[in-house]
$ cat work.cif   # mmCIF, C-alpha atoms and all ligand atoms
data_model
loop_
_atom_site.label_atom_id
_atom_site.label_comp_id
_atom_site.auth_asym_id
_atom_site.auth_seq_id
_atom_site.Cartn_x
_atom_site.Cartn_y
_atom_site.Cartn_z
CA MET R 916 -20.32 -6.82 5.97
CA PRO R 917 -23.12 -9.36 6.56
CA THR R 918 -26.73 -8.22 6.51
CA ALA R 919 -28.77 -7.73 9.69
CA ILE R 920 -30.55 -11.03 9.09
CA GLU R 921 -27.28 -12.92 8.66
CA ILE R 922 -25.97 -11.39 11.89
CA PHE R 923 -29.24 -12.10 13.69
CA LYS R 924 -28.84 -15.84 13.01
CA HIS R 925 -25.74 -15.86 15.24
CA LEU R 926 -27.22 -13.85 18.13
CA PRO R 927 -28.63 -15.56 21.26
CA LYS R 928 -32.22 -14.26 20.71
CA LYS R 929 -32.80 -13.58 24.41
CA ASN R 930 -34.11 -10.07 23.73
CA CYS R 931 -32.78 -9.09 27.15
CA GLY R 932 -31.73 -5.53 26.23
CA LYS R 933 -28.27 -5.71 27.85
CA CYS R 934 -26.74 -4.45 24.61
CA ASN R 935 -28.82 -1.26 25.03
CA TYR R 936 -31.16 -2.29 22.23
CA PRO R 937 -34.60 -3.74 23.01
CA THR R 938 -34.28 -6.83 20.81
CA CYS R 939 -31.59 -8.95 19.23
CA LEU R 940 -32.89 -7.94 15.78
CA ALA R 941 -32.54 -4.24 16.62
CA PHE R 942 -28.98 -4.93 17.78
CA ALA R 943 -28.27 -6.87 14.57
CA MET R 944 -29.46 -3.90 12.51
CA GLN R 945 -27.12 -1.57 14.38
CA LEU R 946 -24.24 -4.01 13.91
CA ALA R 947 -24.92 -4.23 10.18
CA ASN R 948 -24.65 -0.43 10.01
CA SER R 949 -21.42 -0.42 12.08
CA LYS R 950 -23.21 1.54 14.82
CA ALA R 951 -22.73 -1.10 17.54
CA LYS R 952 -20.04 -3.56 18.59
CA LEU R 953 -20.47 -7.29 18.92
CA GLU R 954 -18.83 -7.14 22.38
CA ASP R 955 -21.88 -5.23 23.63
CA CYS R 956 -23.79 -8.49 23.74
CA PRO R 957 -22.35 -10.64 26.56
CA PHE R 958 -24.11 -13.82 25.41
CA VAL R 959 -22.75 -14.47 21.91
CA SER R 960 -21.24 -17.96 21.71
CA GLU R 961 -17.65 -18.53 20.61
CA GLU R 962 -18.95 -20.17 17.43
CA GLY R 963 -21.14 -17.15 16.77
CA LYS R 964 -18.22 -14.79 17.29
CA ALA R 965 -16.01 -16.80 14.95
CA ALA R 966 -18.69 -16.94 12.26
CA LEU R 967 -19.38 -13.23 12.49
CA ALA R 968 -15.69 -12.33 12.55
CA ALA R 969 -15.12 -14.33 9.37
CA SER R 970 -18.07 -12.85 7.52
CA SER R 971 -17.42 -9.29 8.68
CA ALA R 972 -13.70 -9.30 7.85
CA PRO R 973 -12.90 -6.55 5.36
CA PRO R 974 -13.08 -7.68 1.71
CA ILE R 975 -9.48 -6.53 1.26
CA ARG R 976 -7.20 -7.28 4.16
CA LEU R 977 -5.59 -4.40 6.00
CA VAL R 978 -1.82 -4.88 5.75
CA ARG R 979 0.69 -2.67 7.57
CA PHE R 980 4.40 -2.34 7.06
CA GLY R 981 6.88 0.00 8.67
CA SER R 982 6.70 1.07 12.29
CA GLY R 983 5.75 4.07 14.36
CA GLN R 984 4.06 7.11 12.90
CA ARG R 985 5.45 6.44 9.45
CA ALA R 986 3.90 2.96 9.18
CA ILE R 987 1.95 2.45 5.97
CA GLU R 988 -1.50 0.90 5.96
CA MET R 989 -2.77 -0.69 2.77
CA GLY R 990 -6.04 -2.34 1.80
CA ASP R 991 -9.19 -2.42 3.93
CA GLU R 992 -11.05 -0.79 1.07
CA THR R 993 -14.76 -1.40 0.73
CA GLU R 994 -15.78 0.43 -2.42
CA ILE R 995 -15.39 0.09 -6.16
CA TYR R 996 -16.02 3.77 -6.82
CA ARG R 997 -14.88 6.61 -4.63
CA HIS R 998 -18.23 8.43 -4.76
CA GLU R 999 -19.97 5.43 -3.18
CA LYS R 1000 -18.31 6.30 0.14
CA LYS R 1001 -14.58 7.00 0.07
CA PHE R 1002 -11.24 5.29 -0.42
CA PHE R 1003 -9.48 4.84 2.90
CA HIS R 1004 -5.78 4.17 2.46
CA PRO R 1005 -3.92 6.30 -0.07
CA THR R 1006 -1.60 4.59 -2.53
CA ALA R 1007 1.92 4.60 -1.08
CA PHE R 1008 4.86 5.56 -3.30
CA ALA R 1009 8.23 3.87 -2.85
CA VAL R 1010 11.44 4.68 -4.71
CA ALA R 1011 14.05 2.00 -5.30
CA VAL R 1012 17.67 2.01 -4.20
CA SER R 1013 20.05 -0.58 -5.60
CA ASP R 1014 22.42 -2.44 -3.31
CA GLN R 1015 25.07 -2.07 -6.02
CA LEU R 1016 25.55 1.55 -5.04
CA PRO R 1017 28.41 2.34 -2.67
CA LYS R 1018 27.28 2.86 0.92
CA ASP R 1019 27.52 6.65 0.87
CA GLU R 1020 25.54 6.80 -2.36
CA VAL R 1021 22.81 4.64 -0.84
CA ARG R 1022 22.60 7.15 2.00
CA GLY R 1023 22.66 10.11 -0.37
CA ARG R 1024 19.91 8.69 -2.55
CA VAL R 1025 17.72 7.81 0.44
CA GLU R 1026 18.15 11.29 1.88
CA ALA R 1027 17.30 12.84 -1.48
CA ILE R 1028 14.12 10.76 -1.75
CA ARG R 1029 13.22 11.61 1.83
CA SER R 1030 13.71 15.31 1.23
CA VAL R 1031 11.20 15.57 -1.64
CA ARG R 1032 8.38 17.54 -0.07
CA PHE R 1033 5.60 19.70 -1.49
CA GLU R 1034 3.10 21.76 0.46
CA ARG R 1035 -0.41 21.85 -0.99
CA VAL R 1036 -3.62 23.04 0.66
CA GLY R 1037 -2.02 22.69 4.05
CA GLN R 1038 -0.81 19.12 3.53
CA THR R 1039 2.73 17.88 3.01
CA LEU R 1040 3.13 15.57 0.02
CA GLY R 1041 6.10 13.27 -0.50
CA PHE R 1042 7.37 9.73 -0.98
CA ASP R 1043 6.38 7.17 1.61
CA SER R 1044 8.84 4.32 1.40
CA ILE R 1045 12.25 3.13 0.24
CA ALA R 1046 12.57 -0.13 -1.71
CA VAL R 1047 16.04 -1.65 -1.40
CA LYS R 1048 16.80 -3.96 -4.30
CA ASP R 1049 19.02 -7.00 -4.18
CA ASP R 1050 20.68 -6.40 -7.57
CA SER R 1051 24.14 -7.60 -6.52
CA GLY R 1052 23.25 -11.13 -5.47
CA ASP R 1053 25.67 -10.64 -2.59
CA PRO R 1054 24.13 -11.22 0.88
CA SER R 1055 26.47 -8.85 2.67
CA LYS R 1056 25.99 -6.06 0.10
CA PHE R 1057 22.22 -6.38 0.27
CA ALA R 1058 22.19 -6.43 4.08
CA SER R 1059 24.56 -3.48 4.20
CA ALA R 1060 22.42 -1.41 1.80
CA VAL R 1061 19.31 -2.24 3.80
CA GLU R 1062 20.99 -1.18 7.05
CA GLU R 1063 22.27 2.01 5.49
CA ALA R 1064 18.83 2.90 4.09
CA ALA R 1065 17.25 2.20 7.48
CA SER R 1066 19.71 4.40 9.32
CA ALA R 1067 19.35 7.23 6.78
CA CYS R 1068 15.58 7.65 7.17
CA ASP R 1069 12.53 6.62 9.09
CA LEU R 1070 10.49 5.67 6.02
CA PRO R 1071 9.12 2.11 5.88
CA LEU R 1072 11.24 -0.27 3.84
CA VAL R 1073 10.45 -2.73 1.09
CA LEU R 1074 13.14 -5.39 0.69
CA VAL R 1075 13.23 -6.76 -2.85
CA SER R 1076 14.91 -10.12 -3.40
CA SER R 1077 14.08 -13.48 -4.91
CA SER R 1078 16.52 -15.24 -2.61
CA PRO R 1079 15.16 -16.40 0.78
CA GLU R 1080 18.74 -16.65 2.10
CA ARG R 1081 19.67 -13.09 1.21
CA MET R 1082 16.26 -11.85 2.33
CA LYS R 1083 16.74 -13.53 5.70
CA VAL R 1084 20.13 -11.93 6.30
CA ALA R 1085 18.97 -8.45 5.32
CA ALA R 1086 15.51 -8.54 6.90
CA SER R 1087 16.95 -9.75 10.23
CA LYS R 1088 18.88 -6.48 10.46
CA VAL R 1089 15.74 -4.35 10.27
CA ALA R 1090 13.00 -6.70 11.49
CA ALA R 1091 11.97 -4.18 14.16
CA ARG R 1092 11.04 -1.80 11.33
CA ARG R 1093 8.64 -4.44 9.96
CA PRO R 1094 9.70 -4.21 6.30
CA LEU R 1095 7.62 -5.62 3.46
CA LEU R 1096 9.44 -8.64 2.00
CA TYR R 1097 8.89 -8.65 -1.75
CA GLY R 1098 9.93 -11.56 -3.92
CA ALA R 1099 8.00 -14.71 -2.96
CA ASP R 1100 6.95 -16.81 -5.93
CA GLN R 1101 6.01 -20.41 -6.73
CA ARG R 1102 9.64 -21.57 -6.50
CA ASN R 1103 10.69 -20.02 -3.21
CA LEU R 1104 7.35 -19.65 -1.42
CA ALA R 1105 7.94 -22.02 1.51
CA GLU R 1106 11.38 -20.59 2.38
CA MET R 1107 10.32 -16.98 1.89
CA ALA R 1108 7.19 -17.51 3.98
CA SER R 1109 9.33 -19.03 6.70
CA VAL R 1110 11.50 -15.87 6.78
CA ALA R 1111 8.43 -13.61 6.89
CA ARG R 1112 6.76 -15.67 9.59
CA THR R 1113 9.87 -15.87 11.76
CA LEU R 1114 10.49 -12.13 11.56
CA GLY R 1115 6.81 -11.12 11.73
CA CYS R 1116 6.90 -9.26 8.42
CA PRO R 1117 4.29 -8.95 5.66
CA MET R 1118 5.17 -10.56 2.33
CA ALA R 1119 4.52 -9.61 -1.30
CA LEU R 1120 3.81 -12.35 -3.83
CA THR R 1121 4.92 -12.13 -7.42
CA GLY R 1122 5.54 -14.15 -10.58
CA ALA R 1123 2.04 -15.56 -11.10
CA LYS R 1124 1.07 -15.76 -14.77
CA ASP R 1125 -2.60 -14.96 -14.14
CA LEU R 1126 -5.13 -14.36 -11.37
CA ASN R 1127 -5.83 -18.06 -10.90
CA GLU R 1128 -2.18 -18.72 -10.26
CA MET R 1129 -1.99 -15.70 -7.94
CA ALA R 1130 -4.97 -16.96 -5.94
CA ASP R 1131 -3.24 -20.35 -5.71
CA LEU R 1132 -0.02 -18.71 -4.53
CA ALA R 1133 -1.91 -16.65 -1.94
CA ALA R 1134 -3.72 -19.74 -0.69
CA LYS R 1135 -0.41 -21.58 -0.27
CA ALA R 1136 1.10 -18.61 1.57
CA LYS R 1137 -1.93 -18.42 3.83
CA ALA R 1138 -1.69 -22.15 4.53
CA THR R 1139 1.78 -21.54 5.98
CA GLY R 1140 0.19 -19.22 8.54
CA LEU R 1141 0.90 -15.91 6.83
CA GLU R 1142 -2.04 -13.53 6.72
CA ASP R 1143 -0.40 -10.24 5.75
CA LEU R 1144 0.07 -10.62 2.01
CA VAL R 1145 0.44 -8.16 -0.85
CA LEU R 1146 -0.06 -9.09 -4.52
CA ASP R 1147 2.13 -8.05 -7.44
CA LEU R 1148 0.02 -8.98 -10.46
CA GLY R 1149 3.04 -8.52 -12.72
CA SER R 1150 1.14 -6.40 -15.25
CA LYS R 1151 3.17 -5.87 -18.39
CA SER R 1152 1.10 -3.01 -19.82
CA LEU R 1153 -1.27 -0.32 -18.62
CA LYS R 1154 -4.15 -2.34 -20.08
CA ASP R 1155 -3.09 -5.44 -18.13
CA GLN R 1156 -2.75 -3.38 -14.97
CA LEU R 1157 -6.19 -1.84 -15.35
CA GLU R 1158 -7.82 -5.20 -16.06
CA GLY R 1159 -5.99 -7.11 -13.34
CA CYS R 1160 -6.50 -4.55 -10.59
CA SER R 1161 -10.16 -3.99 -11.51
CA LYS R 1162 -10.88 -7.73 -11.49
CA VAL R 1163 -9.23 -8.17 -8.09
CA ARG R 1164 -11.16 -5.25 -6.59
CA LYS R 1165 -14.48 -6.44 -7.99
CA LEU R 1166 -13.94 -10.04 -6.97
CA SER R 1167 -12.99 -8.92 -3.46
CA VAL R 1168 -15.62 -6.26 -2.85
CA LYS R 1169 -18.59 -7.50 -4.87
CA LYS R 1170 -18.15 -11.27 -4.69
CA LEU R 1171 -16.38 -11.28 -1.31
CA PHE R 1172 -13.77 -13.65 -2.77
CA ARG R 1173 -11.12 -13.62 -0.04
CA GLY R 1174 -8.55 -15.53 -2.08
CA LEU R 1175 -7.45 -12.31 -3.78
CA GLY R 1176 -8.56 -9.91 -1.05
CA TYR R 1177 -5.15 -8.33 -0.47
CA PRO R 1178 -3.55 -4.97 -1.30
CA ILE R 1179 -1.95 -4.69 -4.75
CA LEU R 1180 1.66 -3.72 -5.43
CA VAL R 1181 2.63 -2.19 -8.78
CA ASP R 1182 6.30 -2.46 -9.75
CA ALA R 1183 6.27 0.52 -12.12
CA GLY R 1184 9.87 0.66 -13.35
CA LYS R 1185 11.01 4.03 -14.62
CA GLY R 1186 10.34 6.61 -17.34
CA GLU R 1187 7.07 7.98 -18.66
CA GLU R 1188 5.38 4.58 -18.56
CA ALA R 1189 6.18 4.31 -14.84
CA VAL R 1190 4.47 7.63 -14.14
CA LEU R 1191 1.39 6.47 -16.04
CA LYS R 1192 1.40 3.19 -14.12
CA GLY R 1193 1.61 5.17 -10.90
CA MET R 1194 -1.33 7.34 -11.92
CA LEU R 1195 -3.38 4.33 -12.93
CA ALA R 1196 -2.57 2.68 -9.60
CA VAL R 1197 -3.82 5.72 -7.71
CA MET R 1198 -7.09 5.74 -9.63
CA LYS R 1199 -7.59 2.01 -9.94
CA TYR R 1200 -6.80 0.11 -6.84
CA GLY R 1201 -3.03 0.06 -6.39
CA SER R 1202 -1.93 0.21 -2.74
CA LEU R 1203 1.83 0.49 -3.27
CA VAL R 1204 3.82 1.62 -6.30
CA ILE R 1205 7.58 1.11 -6.56
CA PHE R 1206 9.46 3.40 -8.94
CA ASP R 1207 12.98 2.54 -10.04
CA ASP R 1208 13.50 6.23 -10.59
CA ILE R 1209 11.28 9.29 -10.71
CA SER R 1210 12.00 13.00 -10.83
CA GLU R 1211 10.39 15.63 -8.61
CA ALA R 1212 8.64 17.07 -11.66
CA GLN R 1213 7.12 13.67 -12.43
CA ALA R 1214 6.21 13.05 -8.81
CA LEU R 1215 4.29 16.26 -8.15
CA PRO R 1216 1.27 15.47 -10.37
CA LEU R 1217 1.18 11.99 -8.87
CA PHE R 1218 1.07 13.41 -5.35
CA VAL R 1219 -1.69 15.86 -6.33
CA LEU R 1220 -3.73 13.15 -8.03
CA ARG R 1221 -3.43 10.96 -4.95
CA GLN R 1222 -4.44 13.82 -2.70
CA ASN R 1223 -7.54 14.44 -4.79
CA ILE R 1224 -8.61 10.82 -5.11
CA TYR R 1225 -8.11 10.03 -1.44
CA THR R 1226 -9.97 12.92 0.09
CA ASP R 1227 -13.42 12.12 1.37
CA PRO R 1228 -15.84 13.46 -1.28
CA GLN R 1229 -18.34 14.22 1.46
CA VAL R 1230 -15.88 16.13 3.66
CA PRO R 1231 -14.09 19.04 1.98
CA ILE R 1232 -10.54 19.74 3.16
CA GLN R 1233 -10.82 22.51 5.72
CA VAL R 1234 -8.52 24.93 7.49
CA LYS R 1235 -8.90 26.15 11.03
CA PRO R 1236 -11.17 29.18 11.32
CA GLY R 1237 -9.59 32.24 12.92
CA LEU R 1238 -7.73 35.48 12.23
CA TYR R 1239 -4.36 35.25 10.50
CA PRO R 1240 -1.83 38.06 9.91
CA VAL R 1241 -0.42 38.16 6.36
CA ASN R 1242 2.61 40.12 5.14
CA GLY R 1243 3.42 41.16 8.72
CA ALA R 1244 0.00 42.74 9.35
CA LYS R 1245 -0.04 45.12 12.29
CA GLU R 1246 -2.58 47.40 13.88
CA GLY R 1247 -4.82 49.17 11.40
CA ALA R 1248 -4.29 46.79 8.48
CA PRO R 1249 -7.58 45.82 6.75
CA ILE R 1250 -9.36 42.55 7.44
CA LEU R 1251 -10.35 40.38 4.48
CA PHE R 1252 -12.60 37.42 5.08
CA THR R 1253 -13.10 34.15 3.28
CA THR R 1254 -14.37 30.67 4.10
CA ASN R 1255 -12.51 27.72 5.57
CA PHE R 1256 -12.64 25.61 2.39
CA SER R 1257 -8.98 24.77 2.04
CA LEU R 1258 -8.60 25.54 -1.66
CA THR R 1259 -10.35 28.90 -1.24
CA TYR R 1260 -8.24 29.80 1.78
CA PHE R 1261 -4.90 28.97 0.14
CA THR R 1262 -5.84 30.77 -3.08
CA VAL R 1263 -6.85 33.94 -1.20
CA LEU R 1264 -3.81 33.71 1.07
CA ALA R 1265 -1.46 33.41 -1.91
CA ASP R 1266 -3.05 36.43 -3.58
CA ILE R 1267 -2.77 38.57 -0.45
CA GLU R 1268 0.87 37.52 -0.11
CA LYS R 1269 1.42 38.43 -3.74
CA SER R 1270 0.18 41.98 -3.04
CA LYS R 1271 2.85 42.44 -0.32
CA VAL R 1272 0.29 44.66 1.46
CA PRO R 1273 -0.06 43.85 5.19
CA ALA R 1274 -3.56 42.54 5.85
CA TRP R 1275 -5.50 40.27 8.20
CA LEU R 1276 -7.27 37.23 6.84
CA LEU R 1277 -10.39 36.19 8.74
CA VAL R 1278 -11.30 32.57 8.03
CA VAL R 1279 -15.00 32.00 8.64
CA ASP R 1280 -16.25 28.51 9.48
CA SER R 1281 -18.45 27.55 6.53
CA GLU R 1282 -18.18 23.81 7.20
CA GLY R 1283 -15.61 23.58 4.43
CA LEU R 1284 -17.72 25.13 1.68
CA SER R 1285 -16.43 27.62 -0.85
CA VAL R 1286 -17.72 31.22 -0.79
CA MET R 1287 -20.61 30.96 -3.24
CA THR R 1288 -21.65 27.48 -2.13
CA ALA R 1289 -21.59 28.55 1.52
CA PHE R 1290 -23.58 31.70 0.72
CA SER R 1291 -26.20 29.70 -1.20
CA ALA R 1292 -26.44 27.13 1.59
CA GLY R 1293 -26.85 29.74 4.31
CA LYS R 1294 -23.43 28.92 5.79
CA LEU R 1295 -22.00 32.34 5.03
CA THR R 1296 -24.33 35.02 6.33
CA PRO R 1297 -23.70 38.45 7.90
CA GLU R 1298 -24.51 36.92 11.28
CA ILE R 1299 -21.95 34.13 10.81
CA VAL R 1300 -19.26 36.61 9.72
CA VAL R 1301 -19.95 38.80 12.76
CA LYS R 1302 -19.74 35.74 14.99
CA ALA R 1303 -16.35 34.93 13.44
CA LEU R 1304 -15.20 38.51 14.04
CA GLU R 1305 -16.22 38.23 17.68
CA SER R 1306 -14.87 34.73 18.40
CA SER R 1307 -11.46 35.65 16.97
CA ALA R 1308 -11.47 39.08 18.68
CA ALA R 1309 -10.65 40.38 15.20
CA LYS R 1310 -11.41 44.05 15.83
CA GLU R 1311 -9.38 44.18 19.02
CA ARG R 1312 -6.42 42.25 17.62
CA SER R 1313 -6.25 44.10 14.31
CA GLY R 1314 -7.35 47.54 15.47
CA SER R 1315 -8.96 47.75 12.04
CA GLU R 1316 -12.22 49.38 11.04
CA VAL R 1317 -12.14 48.07 7.47
CA LEU R 1318 -13.66 44.74 6.52
CA VAL R 1319 -13.14 43.57 2.92
CA MET R 1320 -15.67 41.03 1.69
CA PRO R 1321 -15.55 38.74 -1.36
CA GLY R 1322 -17.15 40.49 -4.32
CA MET R 1323 -19.16 37.33 -5.10
CA VAL R 1324 -21.36 37.92 -2.04
CA SER R 1325 -21.69 41.70 -2.24
CA ARG R 1326 -25.42 41.29 -1.67
CA MET R 1327 -24.86 40.98 2.06
CA SER R 1328 -22.70 44.09 2.37
CA GLY R 1329 -25.42 46.36 3.81
CA LYS R 1330 -26.49 43.97 6.54
CA LEU R 1331 -22.89 43.13 7.33
CA GLN R 1332 -21.98 46.79 7.76
CA GLU R 1333 -24.98 47.28 10.03
CA LEU R 1334 -24.23 44.26 12.22
CA SER R 1335 -20.45 44.56 12.38
CA GLY R 1336 -20.23 48.32 12.84
CA MET R 1337 -17.22 48.28 10.50
CA ARG R 1338 -16.63 49.99 7.17
CA VAL R 1339 -17.44 47.16 4.78
CA VAL R 1340 -15.67 47.33 1.42
CA VAL R 1341 -16.67 45.00 -1.43
CA GLY R 1342 -13.56 43.31 -2.75
CA PRO R 1343 -12.95 41.71 -6.15
CA LYS R 1344 -15.11 38.86 -7.38
CA GLU R 1345 -12.08 36.75 -8.22
CA SER R 1346 -9.25 36.15 -5.79
CA SER R 1347 -6.77 37.00 -8.56
CA GLY R 1348 -7.95 40.61 -8.32
CA ILE R 1349 -6.82 40.93 -4.69
CA PRO R 1350 -3.23 42.20 -5.29
CA LYS R 1351 -4.37 45.14 -7.41
CA PHE R 1352 -7.32 45.79 -5.11
CA LEU R 1353 -5.21 45.89 -1.94
CA LYS R 1354 -2.60 48.17 -3.48
CA ASN R 1355 -5.37 50.66 -4.33
CA LEU R 1356 -7.22 50.33 -1.01
CA SER R 1357 -6.94 53.42 1.10
FE1 LIG R 1401 -29.99 -10.00 22.27
FE2 LIG R 1401 -27.54 -9.99 23.28
FE3 LIG R 1401 -28.84 -7.71 23.02
FE4 LIG R 1401 -29.60 -9.47 24.83
S1 LIG R 1401 -27.67 -8.37 24.80
S2 LIG R 1401 -30.92 -8.34 23.41
S3 LIG R 1401 -29.16 -11.37 23.80
S4 LIG R 1401 -28.20 -9.03 21.38
#
$ encode --input "work.cif" --output "structure tokens"
Amino acid sequence: MPTAIEIFKHLPKKNCGKCNYPTCLAFAMQLANSKAKLEDCPFVSEEGKAALAASSAPPIRLVRFGSGQRAIEMGDETEIYRHEKKFFHPTAFAVAVSDQLPKDEVRGRVEAIRSVRFERVGQTLGFDSIAVKDDSGDPSKFASAVEEAASACDLPLVLVSSSPERMKVAASKVAARRPLLYGADQRNLAEMASVARTLGCPMALTGAKDLNEMADLAAKAKATGLEDLVLDLGSKSLKDQLEGCSKVRKLSVKKLFRGLGYPILVDAGKGEEAVLKGMLAVMKYGSLVIFDDISEAQALPLFVLRQNIYTDPQVPIQVKPGLYPVNGAKEGAPILFTTNFSLTYFTVLADIEKSKVPAWLLVVDSEGLSVMTAFSAGKLTPEIVVKALESSAAKERSGSEVLVMPGMVSRMSGKLQELSGMRVVVGPKESSGIPKFLKNLS
């Protein structure tokens, strides 16, 4: 993003206030902080708009493939380190399907990949894309496998082929799904770019021996009119991958070098090394990883790692405050309360479920903080708990007179009892103590 002074140079300097700011400089400062839009000034010249658009383009281009709600967005990242702000577009995971498989096996494999789903802290984790590989060298087999994969699931597709002719035949069948065409290199660039341009698909570049050659390849692709590019740096080892991806991110974000400012694809292969490549890609700047094969057991830690890296460090994952019945809670069952920090909620919920004792769980809005943090920050007070009881009509809905509080914040038990008018019972300090505690609660 250009600085306020750089933006100011392109503004009309009328100081007329029509943008709702008193001066052009004030408006430029708001633009530099992304708090205003250039369209708010009606007097910017076309040259000014073009100059500002070019300089304010994201350092890494946003590239989409797939269609509808499942479409995958890659790139548009602005940071080197997550703690500086956040990473925006989580690394997508694709699993490969060979066109040498019989049609029904293609369908079966795609359905199996699609069905891998894990629930964690209220989010569903799974694979994002299917990569169909042209292993047969037969145009009709490749096209048929691509069509079969497309009809078996709604996941975005990556079509992998080094042949522009076979790519054209297959991609034409699913162009409406906007697949990513992967396989353009120095030898086939013009023909592959022509296919991508004609069908309106993004294209992944591969086969460059170093970053200079990749920048050259990207420049040639861009010269054909293609903007939506993805880079496969062809890293042979984890060390190469780390170095290559880090250099591309730094050149793009710090030096604003647009020649390599595209999302990165990692073709991970299979086995333990593939899992490590996937993990490295999540941590260090990979936008799309293709696995030849990966088991559910190998995938789960990858999904969890991705979930952790791509949450906003300034915004904890939260659940909706309210009153929830657990284990078929009915009238008279005790109410336990906790905060709406997602990890806390799901831990407490699991422990109540484990007890098999019917109970109500009151989730108090603590702005996503855990129990002790919220208590220390004044976000979990007797007044706030009572407000949560009232706004969820907890007493009326549960018919309960017993309120169980986390043992960690027992200090507020007296005041809470006084304000709530309920029998307040101090629960265990650790959530793991809940099953035993509930079984003994009378
Ligand atoms: Fe300046 Fe345009 Fe705002 Fe007028 S509307 S003050 S010309 S930026």
$ closest_residue --input "work.cif" --among "R:Met944, R:Ala1119, R:Met1327, R:Ala972" --to "ligand LIG 1401 (chain R)" --atoms "all atoms listed in the file"
R:Met944
$ residues_around --input "work.cif" --residues "Asp1043 in chain R" --least-positions-apart "2" --cutoff "12 Å" --atoms "all atoms listed in the file" --output "PDB file with C-alpha atoms, in the coordinates of the input"
ATOM      1  CA  PHE R 980       4.400  -2.340   7.060  1.00  0.00           C
ATOM      2  CA  GLY R 981       6.880   0.000   8.670  1.00  0.00           C
ATOM      3  CA  GLN R 984       4.060   7.110  12.900  1.00  0.00           C
ATOM      4  CA  ARG R 985       5.450   6.440   9.450  1.00  0.00           C
ATOM      5  CA  ALA R 986       3.900   2.960   9.180  1.00  0.00           C
ATOM      6  CA  ILE R 987       1.950   2.450   5.970  1.00  0.00           C
ATOM      7  CA  GLU R 988      -1.500   0.900   5.960  1.00  0.00           C
ATOM      8  CA  PRO R1005      -3.920   6.300  -0.070  1.00  0.00           C
ATOM      9  CA  THR R1006      -1.600   4.590  -2.530  1.00  0.00           C
ATOM     10  CA  ALA R1007       1.920   4.600  -1.080  1.00  0.00           C
ATOM     11  CA  PHE R1008       4.860   5.560  -3.300  1.00  0.00           C
ATOM     12  CA  ALA R1009       8.230   3.870  -2.850  1.00  0.00           C
ATOM     13  CA  VAL R1010      11.440   4.680  -4.710  1.00  0.00           C
ATOM     14  CA  ALA R1011      14.050   2.000  -5.300  1.00  0.00           C
ATOM     15  CA  VAL R1025      17.720   7.810   0.440  1.00  0.00           C
ATOM     16  CA  ILE R1028      14.120  10.760  -1.750  1.00  0.00           C
ATOM     17  CA  ARG R1029      13.220  11.610   1.830  1.00  0.00           C
ATOM     18  CA  SER R1030      13.710  15.310   1.230  1.00  0.00           C
ATOM     19  CA  VAL R1031      11.200  15.570  -1.640  1.00  0.00           C
ATOM     20  CA  ARG R1032       8.380  17.540  -0.070  1.00  0.00           C
ATOM     21  CA  THR R1039       2.730  17.880   3.010  1.00  0.00           C
ATOM     22  CA  LEU R1040       3.130  15.570   0.020  1.00  0.00           C
ATOM     23  CA  GLY R1041       6.100  13.270  -0.500  1.00  0.00           C
ATOM     24  CA  ILE R1045      12.250   3.130   0.240  1.00  0.00           C
ATOM     25  CA  ALA R1046      12.570  -0.130  -1.710  1.00  0.00           C
ATOM     26  CA  CYS R1068      15.580   7.650   7.170  1.00  0.00           C
ATOM     27  CA  ASP R1069      12.530   6.620   9.090  1.00  0.00           C
ATOM     28  CA  LEU R1070      10.490   5.670   6.020  1.00  0.00           C
ATOM     29  CA  PRO R1071       9.120   2.110   5.880  1.00  0.00           C
ATOM     30  CA  LEU R1072      11.240  -0.270   3.840  1.00  0.00           C
ATOM     31  CA  VAL R1073      10.450  -2.730   1.090  1.00  0.00           C
ATOM     32  CA  SER R1202      -1.930   0.210  -2.740  1.00  0.00           C
ATOM     33  CA  LEU R1203       1.830   0.490  -3.270  1.00  0.00           C
ATOM     34  CA  VAL R1204       3.820   1.620  -6.300  1.00  0.00           C
ATOM     35  CA  ILE R1205       7.580   1.110  -6.560  1.00  0.00           C
ATOM     36  CA  PHE R1206       9.460   3.400  -8.940  1.00  0.00           C
ATOM     37  CA  ALA R1214       6.210  13.050  -8.810  1.00  0.00           C
ATOM     38  CA  PHE R1218       1.070  13.410  -5.350  1.00  0.00           C
TER      39      PHE R1218
END
$ residues_around --input "work.cif" --residues "Pro1231 in chain R" --least-positions-apart "5" --cutoff "9 Å" --atoms "only C-alpha atoms" --output "JSON, numbers by chain"
{"R": [1226, 1256, 1257, 1282, 1283, 1284]}
$ residues_near_ligand --input "work.cif" --ligand "ligand LIG 1401 (chain R)" --cutoff "8 Å" --atoms "all atoms listed in the file" --output "VMD selection string"
chain R and resid 926 to 940 942 to 943 955 to 959
$ residues_around --input "work.cif" --residues "Ala1060 in chain R" --least-positions-apart "2" --cutoff "9 Å" --atoms "all atoms listed in the file" --output "list in words"
Val1012, Ser1013, Asp1014, Gln1015, Leu1016, Pro1017, Lys1018, Val1021, Arg1022, Val1047, Lys1048, Asp1049, Ser1055, Lys1056, Phe1057, Ala1058, Glu1062, Glu1063, Ala1064, Ala1065 and Ala1085 of chain R
$ atom_distance --input "work.cif" --atom1 "CA of Ser1281 in chain R" --atom2 "CA of Pro1236 in chain R"
8.9 Å
$ residues_around --input "work.cif" --residues "Gln1332 in chain R" --least-positions-apart "6" --cutoff "12 Å" --atoms "all atoms listed in the file" --output "list in words"
Pro1297, Glu1298, Val1300, Val1301, Glu1316, Val1317, Leu1318, Val1319, Met1320, Ser1325, Arg1326, Arg1338, Val1339, Val1340 and Val1341 of chain R
